[in-house]
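Single-structure report; data block below.
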Amino acid sequence: MSGANSDLVSLSTMAPHTTALAANAAALERGTPEYYSLQESLATAAEEFTAHGGRVVDLSCSGGEWIAPMLAKASGVCQFVALDNDQSSVQGCVDRHKMLVHLGLVQAGQMDLEERFPETASRLTVSILGLERLSELRKAEVLGLVRKHLERGGAFILMERTSGDWEIMLRYSGFREVKRIWRKGHFAAWLAIR
């Protein structure tokens, strides 16, 4: 995958931290109705953008948890780049999707979005609780970079706490269509189309 490899950081170059998902997991733990409804909403929203191939970039891979349903449907068609700030999360993704990593369909690497953004084009970019820890300025920068690196007609799936003005920020970043695809309690997910 041209361009993607240069942005994958060695697993040992950064100090691990508690991922945003782990810090907020109580409402979205595996086995809860919220977890499964979010999984279903993400997979349904992604289906249109993964059906015909392309690259999927996950900015907060959380052990490969949220891309698993997408991989089940599009692993022979799409290439996946799974990134996270947390070393154990990246390793969990590698362990979980070992065969697809071996086949070159999934690449996993460590990247801190506060410092860098992957310089690779994608048909679909996903971030599940990956932006809330960023500064307000950096959140806006990352949203702009997501849009810039999406193919025309590509999509961004974002899930965060509802405490931020995410929908407004997505529109301000230049996405032509933004719609909420899921909401439970203090969390919501949006689909933004370039």
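Starting from 1 in every chain, residues are counted up; chains themselves are A, B, ... following the order of the structure tokens, and ligands are numbered from 1 as listed.
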Each region 62-141 of chain A residue no farther than 10 Å from region 161-168 of chain A, nearest pair in Å, only C-alpha atoms, as a Markdown table:
```
| residue | atom | partner | partner_atom | distance |
| --- | --- | --- | --- | --- |
| A:Ile128 | CA | A:Arg161 | CA | 9.9 |
| A:Leu129 | CA | A:Arg161 | CA | 7.5 |
| A:Leu131 | CA | A:Arg161 | CA | 9.9 |
| A:Glu132 | CA | A:Arg161 | CA | 7.7 |
| A:Glu136 | CA | A:Gly164 | CA | 9.7 |
| A:Lys139 | CA | A:Trp166 | CA | 9.5 |
| A:Ala140 | CA | A:Trp166 | CA | 9.7 |
```
Report as a PDB file with N, CA and C atoms, in the first residue's frame all protein, DNA and RNA residues lying within 9 Å of Arg171 (chain A), evaluated on only C-alpha atoms, omitting residues in the same chain fewer than 6 positions from it.
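So the final result, stored in out.pdb, reads:
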```pdb
ATOM      1  N   GLU A 177     -22.063  16.245   3.246  1.00  0.00           N
ATOM      2  CA  GLU A 177     -23.237  15.652   3.893  1.00  0.00           C
ATOM      3  C   GLU A 177     -22.807  15.072   5.230  1.00  0.00           C
ATOM      4  N   VAL A 178     -23.545  15.395   6.268  1.00  0.00           N
ATOM      5  CA  VAL A 178     -23.271  14.873   7.609  1.00  0.00           C
ATOM      6  C   VAL A 178     -24.587  14.401   8.204  1.00  0.00           C
ATOM      7  N   ALA A 192     -19.997  11.228   7.626  1.00  0.00           N
ATOM      8  CA  ALA A 192     -19.724  12.467   6.890  1.00  0.00           C
ATOM      9  C   ALA A 192     -19.162  12.091   5.521  1.00  0.00           C
TER      10      ALA A 192
END
```
| query | Which residue out of A:Leu83, A:Met99, A:Val106, A:Leu137 has the minimum interatomic distance to Pro118 (chain A) when only C-alpha atoms are used? | reply |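 Smallest distance to Pro118 (chain A) is found for A:Leu83.
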With the cut-off set at 7 Å and counting only C-alpha atoms, tabulate each residue of region 91-180 of chain A with an atom at most that distance from an atom of region 55-62 of chain A, showing the nearest atom pair and its distance in Å to one decimal, ordered by chain and increasing number, as JSON lines.
```
{"residue": "A:Ser122", "atom": "CA", "partner": "A:Arg55", "partner_atom": "CA", "distance": 4.8}
{"residue": "A:Arg123", "atom": "CA", "partner": "A:Arg55", "partner_atom": "CA", "distance": 5.4}
{"residue": "A:Leu124", "atom": "CA", "partner": "A:Val56", "partner_atom": "CA", "distance": 4.8}
{"residue": "A:Thr125", "atom": "CA", "partner": "A:Val57", "partner_atom": "CA", "distance": 4.7}
{"residue": "A:Val126", "atom": "CA", "partner": "A:Asp58", "partner_atom": "CA", "distance": 4.7}
{"residue": "A:Ser127", "atom": "CA", "partner": "A:Leu59", "partner_atom": "CA", "distance": 5.1}
{"residue": "A:Ile128", "atom": "CA", "partner": "A:Ser60", "partner_atom": "CA", "distance": 6.1}
{"residue": "A:Gly130", "atom": "CA", "partner": "A:Ser60", "partner_atom": "CA", "distance": 5.0}
```
| note | Atom pair CA of Met169 (chain A) + CA of Ala189 (chain A), distance 13.4 Å
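The protein and nucleic acid residues lying at most 7 Å from region 69-77 of chain A are Ala43, Ala46, Thr50, Ala51, His52, Gly53 and Leu105 of chain A, with only C-alpha atoms considered and sequence neighbours fewer than 6 positions away removed.
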| message | Report, in Å with one decimal, the straight-line distance from CA of Arg30 (chain A) to CA of Gln91 (chain A). | response |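 Interatomic distance here is 18.9 Å.
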| field | Residue list (helix (DSSP H, G or I), DSSP) for region 5-123 of chain A, as an NGL selection string | value | :A and (5-7 or 20-23 or 25-28 or 33-50 or 62-64 or 68-74 or 87-96 or 98-102)
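Considering the residues A:Leu38, A:Leu113, A:Ala121, A:Leu150 and counting only C-alpha atoms, Ser135 (chain A) has its shortest atom-to-atom contact with A:Leu113.
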| request: From chain A, collect each residue whose DSSP state is strand (DSSP E) and return the set as a PyMOL selection string. | output: chain A and resi 54-58+78-84+106-110+122-128+150-161+177-184+187-193
